[in-house]
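One structure is given below, encoded as C-alpha cells.
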Amino acid sequence: MPSQRSINEAERLVQAKLGGIPIRRERMAAVANIYRAASAVRQHLENSVLRGSDLTWTAFVVLWVVWVWGESETRHVAEEAGISKGTLTGVSRTLESRGLLRRTDHPTDGRLVLLALTEEGEEFMREVFPAFNEEESFVTGRLSDAECVGLADGLRRVVLQVEESGEERRRSLLNGAEPAPRRSGRRARG
C-alpha cells in the first residue's frame with residue numbers, strides 16, 4: 001500500500017502545484033507513470049531475483065543483450081542496454097571477473113572489443129531468466145494478458161516516436177544547435 005499512497009499523494013501535489021497552468025495533463029501523467037513504473041519495477045527486480053544473483057539491473061540487462069544478440073561489439077551492447085560505453089566497460093569487466101562474460105579483441109579492428117557469454121554465462125541466464133520472468137509476472141499481476149499486450153504496444157509506440165522523430169524534434173527545439181554538454185549537476189567552485 002505505501003507505493004499506492006505515494007502515487008496518489010504525488011498526483012495530488014502535482015495538481016495543486018500546476019493549478020491553472022495550461023499543460024496536457026494526460027501526456028504528463030503518461031510520461032510520469034512510465035518513469036514511476038520503470039523505477040518501481042527495477043527496484044523490485046534488483047531487490048528480489050537479482051539480489052540473490054548479486055547482480056545490478058544494468059549487469060542483468062548487459063547479460064540479456066549479449067544472451068539474445070550473441071557475440072556483439074561493445075558499442076552495440078551499450079546502445080541496446082541504454083548505457084554509456086564507459087559504464088559498459090566497468091560492468092563487462094565485473095561480469096568477466098565472475099566468469100559470465102568474455103571480452104575479446106575484434107578480429108579485424110583492434111580498436112573494437114567483442115562481448116560474448118561464457119558457457120557459465122549461458123547456463124546462468126537459462127537458470128536466472130525463468131525466475132526473472134516470474135517477477136515480471138508478479139509486477140504485472142494487476143493487468144490481464146490483453147492489458148499487458150496493449151501496454152507493451154503503447155510503450156513500443158512511445159519508443160518508436162523518440163527513435164524515429166526525436167532527433168528532428170531536438171534540432172527544432174534547439175534551432176539546429178548542438179545540445180550543451182551534459183553536466184553532473186555540481187557547480188564549479190569559484
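By convention in this document, the chains of the C-alpha cells carry letters A, B, ... by their order, each chain's residues are numbered from 1, and ligands are numbered from 1 in the order they are shown.
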
Quiz prompt | DSSP alpha helix (DSSP H) residues within chain A, as a ChimeraX atom specification | solution = /A:2-18,25-47,49-52,57-69,74-81,85-97,119-139,145-173

Can I get the selection written as a tab-separated table (two decimals), in the first residue's frame, with C-alpha atoms?
chain	number	residue	atom	x	y	z
A	2	PRO	CA	2.77	2.58	0.60
A	3	SER	CA	3.54	2.93	-3.12
A	4	GLN	CA	-0.17	3.43	-3.92
A	5	ARG	CA	-0.35	6.14	-1.25
A	6	SER	CA	2.76	7.84	-2.64
A	7	ILE	CA	1.41	7.80	-6.20
A	8	ASN	CA	-1.86	9.35	-5.06
A	9	GLU	CA	-0.01	11.92	-2.96
A	10	ALA	CA	2.31	12.82	-5.86
A	11	GLU	CA	-0.62	13.26	-8.22
A	12	ARG	CA	-2.42	15.49	-5.66
A	13	LEU	CA	0.70	17.62	-5.18
A	14	VAL	CA	1.24	17.98	-8.94
A	15	GLN	CA	-2.37	19.08	-9.42
A	16	ALA	CA	-2.04	21.65	-6.62
A	17	LYS	CA	1.29	22.96	-7.98
A	18	LEU	CA	0.22	23.22	-11.63
A	25	ARG	CA	-2.04	16.63	-18.14
A	26	GLU	CA	-2.82	13.24	-19.70
A	27	ARG	CA	0.52	13.32	-21.55
A	28	MET	CA	2.35	14.41	-18.40
A	29	ALA	CA	0.69	11.59	-16.43
A	30	ALA	CA	1.69	9.03	-19.08
A	31	VAL	CA	5.36	10.03	-19.02
A	32	ALA	CA	5.47	10.41	-15.23
A	33	ASN	CA	3.97	6.94	-14.81
A	34	ILE	CA	6.39	5.41	-17.34
A	35	TYR	CA	9.17	6.71	-15.11
A	36	ARG	CA	7.47	5.63	-11.87
A	37	ALA	CA	6.70	2.16	-13.20
A	38	ALA	CA	10.22	1.68	-14.57
A	39	SER	CA	11.73	2.75	-11.24
A	40	ALA	CA	9.40	0.56	-9.18
A	41	VAL	CA	9.96	-2.49	-11.40
A	42	ARG	CA	13.72	-2.02	-11.48
A	43	GLN	CA	13.90	-1.63	-7.70
A	44	HIS	CA	11.70	-4.68	-7.14
A	45	LEU	CA	13.71	-6.88	-9.50
A	46	GLU	CA	17.05	-5.73	-8.09
A	47	ASN	CA	15.85	-6.40	-4.53
A	49	VAL	CA	15.59	-12.12	-8.06
A	50	LEU	CA	18.72	-10.14	-8.96
A	51	ARG	CA	19.79	-9.72	-5.32
A	52	GLY	CA	20.09	-13.49	-4.99
A	57	TRP	CA	19.79	-4.17	-13.13
A	58	THR	CA	22.44	-2.87	-15.53
A	59	ALA	CA	24.53	-6.03	-15.28
A	60	PHE	CA	21.47	-8.18	-15.93
A	61	VAL	CA	20.50	-6.07	-18.96
A	62	VAL	CA	24.03	-6.43	-20.38
A	63	LEU	CA	23.86	-10.21	-19.92
A	64	TRP	CA	20.39	-10.25	-21.50
A	65	VAL	CA	21.51	-8.24	-24.54
A	66	VAL	CA	24.54	-10.47	-25.15
A	67	TRP	CA	22.45	-13.61	-24.50
A	68	VAL	CA	19.82	-12.59	-27.06
A	69	TRP	CA	22.07	-11.00	-29.70
A	74	THR	CA	30.65	-3.20	-27.12
A	75	ARG	CA	29.17	-0.13	-28.80
A	76	HIS	CA	26.13	-2.17	-29.88
A	77	VAL	CA	25.72	-3.71	-26.42
A	78	ALA	CA	25.90	-0.27	-24.78
A	79	GLU	CA	23.32	1.11	-27.20
A	80	GLU	CA	20.93	-1.83	-26.72
A	81	ALA	CA	21.35	-1.70	-22.93
A	85	LYS	CA	30.33	2.82	-23.24
A	86	GLY	CA	32.18	3.82	-20.06
A	87	THR	CA	29.52	2.22	-17.86
A	88	LEU	CA	29.61	-0.89	-20.05
A	89	THR	CA	33.38	-1.16	-19.58
A	90	GLY	CA	33.03	-1.39	-15.80
A	91	VAL	CA	30.02	-3.72	-15.92
A	92	SER	CA	31.61	-6.03	-18.50
A	93	ARG	CA	34.85	-6.26	-16.50
A	94	THR	CA	32.86	-7.23	-13.40
A	95	LEU	CA	30.88	-9.85	-15.35
A	96	GLU	CA	34.10	-11.12	-16.90
A	97	SER	CA	35.71	-11.49	-13.45
A	119	GLU	CA	29.37	-21.30	-21.12
A	120	GLU	CA	28.82	-20.45	-17.45
A	121	GLY	CA	27.08	-17.22	-18.52
A	122	GLU	CA	24.76	-19.12	-20.87
A	123	GLU	CA	23.89	-21.57	-18.10
A	124	PHE	CA	23.40	-18.70	-15.65
A	125	MET	CA	20.90	-16.95	-17.93
A	126	ARG	CA	18.98	-20.18	-18.56
A	127	GLU	CA	18.68	-20.60	-14.77
A	128	VAL	CA	18.02	-16.98	-13.78
A	129	PHE	CA	15.72	-15.83	-16.55
A	130	PRO	CA	12.74	-18.04	-15.55
A	131	ALA	CA	12.90	-16.54	-12.02
A	132	PHE	CA	13.22	-13.06	-13.55
A	133	ASN	CA	10.16	-13.75	-15.71
A	134	GLU	CA	8.23	-14.89	-12.62
A	135	GLU	CA	8.86	-11.46	-11.13
A	136	GLU	CA	7.84	-9.82	-14.42
A	137	SER	CA	4.59	-11.74	-13.99
A	138	PHE	CA	4.30	-10.57	-10.38
A	139	VAL	CA	4.77	-6.87	-11.16
A	145	ASP	CA	-2.86	-10.69	-20.60
A	146	ALA	CA	-4.69	-8.42	-23.06
A	147	GLU	CA	-3.78	-5.34	-20.99
A	148	CYS	CA	-0.12	-6.47	-20.96
A	149	VAL	CA	-0.19	-6.74	-24.75
A	150	GLY	CA	-1.83	-3.30	-25.02
A	151	LEU	CA	0.66	-1.76	-22.58
A	152	ALA	CA	3.62	-3.29	-24.43
A	153	ASP	CA	2.25	-1.98	-27.73
A	154	GLY	CA	1.70	1.51	-26.32
A	155	LEU	CA	5.20	1.66	-24.85
A	156	ARG	CA	6.67	0.34	-28.11
A	157	ARG	CA	4.97	3.25	-29.90
A	158	VAL	CA	6.48	5.71	-27.39
A	159	VAL	CA	9.94	4.27	-28.12
A	160	LEU	CA	9.35	4.43	-31.89
A	161	GLN	CA	8.24	8.07	-31.63
A	162	VAL	CA	11.52	9.01	-29.96
A	163	GLU	CA	13.66	6.78	-32.22
A	164	GLU	CA	12.08	7.99	-35.45
A	165	SER	CA	11.36	11.66	-34.69
A	166	GLY	CA	13.33	12.61	-31.57
A	167	GLU	CA	16.46	13.86	-33.31
A	168	GLU	CA	14.46	16.11	-35.64
A	169	ARG	CA	12.45	17.43	-32.69
A	170	ARG	CA	15.62	18.12	-30.69
A	171	ARG	CA	17.13	20.07	-33.60
A	172	SER	CA	13.93	22.07	-33.93
A	173	LEU	CA	13.82	22.91	-30.22

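With CA of Gly70 in chain A on one side and CA of Leu114 in chain A on the other, the separation reads 10.0 Å.
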
Self-check item: All strand (DSSP E or B) positions in chain A, as a PyMOL selection string
Solution: chain A and resi 72-73+101-105+113-117

Grab the residues selected above and save them as a short mmCIF file (atom, residue, chain, number, x, y, z; two decimals), in the first residue's frame with N, CA, C and O atoms.
data_model
loop_
_atom_site.label_atom_id
_atom_site.label_comp_id
_atom_site.auth_asym_id
_atom_site.auth_seq_id
_atom_site.Cartn_x
_atom_site.Cartn_y
_atom_site.Cartn_z
N SER A 72 28.75 -9.61 -29.63
CA SER A 72 28.47 -8.27 -30.17
C SER A 72 29.57 -7.30 -29.81
O SER A 72 30.23 -7.45 -28.79
N GLU A 73 29.72 -6.27 -30.65
CA GLU A 73 30.66 -5.18 -30.34
C GLU A 73 30.13 -4.41 -29.14
O GLU A 73 28.92 -4.25 -28.97
N LEU A 101 31.00 -13.50 -18.68
CA LEU A 101 31.15 -12.79 -19.94
C LEU A 101 32.61 -12.89 -20.38
O LEU A 101 33.52 -12.91 -19.56
N ARG A 102 32.80 -12.92 -21.69
CA ARG A 102 34.14 -12.97 -22.27
C ARG A 102 34.32 -11.73 -23.15
O ARG A 102 33.46 -11.41 -23.97
N ARG A 103 35.43 -11.05 -22.95
CA ARG A 103 35.80 -9.88 -23.77
C ARG A 103 36.95 -10.29 -24.67
O ARG A 103 37.94 -10.83 -24.19
N THR A 104 36.80 -10.06 -25.97
CA THR A 104 37.88 -10.38 -26.91
C THR A 104 38.06 -9.23 -27.89
O THR A 104 37.12 -8.48 -28.16
N ASP A 105 39.26 -9.13 -28.41
CA ASP A 105 39.52 -8.12 -29.44
C ASP A 105 38.81 -8.51 -30.72
O ASP A 105 38.71 -9.70 -31.06
N VAL A 113 36.10 -4.08 -29.26
CA VAL A 113 36.04 -5.22 -28.35
C VAL A 113 34.71 -5.92 -28.55
O VAL A 113 33.68 -5.28 -28.73
N LEU A 114 34.76 -7.25 -28.52
CA LEU A 114 33.55 -8.06 -28.64
C LEU A 114 33.21 -8.66 -27.28
O LEU A 114 34.10 -9.01 -26.51
N LEU A 115 31.92 -8.78 -27.01
CA LEU A 115 31.45 -9.42 -25.79
C LEU A 115 30.64 -10.64 -26.15
O LEU A 115 29.84 -10.62 -27.09
N ALA A 116 30.85 -11.72 -25.39
CA ALA A 116 30.07 -12.95 -25.57
C ALA A 116 29.90 -13.59 -24.20
O ALA A 116 30.74 -13.41 -23.31
N LEU A 117 28.81 -14.31 -24.03
CA LEU A 117 28.64 -15.05 -22.79
C LEU A 117 29.56 -16.27 -22.80
O LEU A 117 29.78 -16.88 -23.84
#

Self-check item: Distance in Å - CA of Ser53 in chain A versus CA of Leu143 in chain A
Solution: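 It comes out at 27.5 Å.
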
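If you look at CA of Glu71 in chain A and CA of Thr108 in chain A, they are 14.9 Å away from each other.
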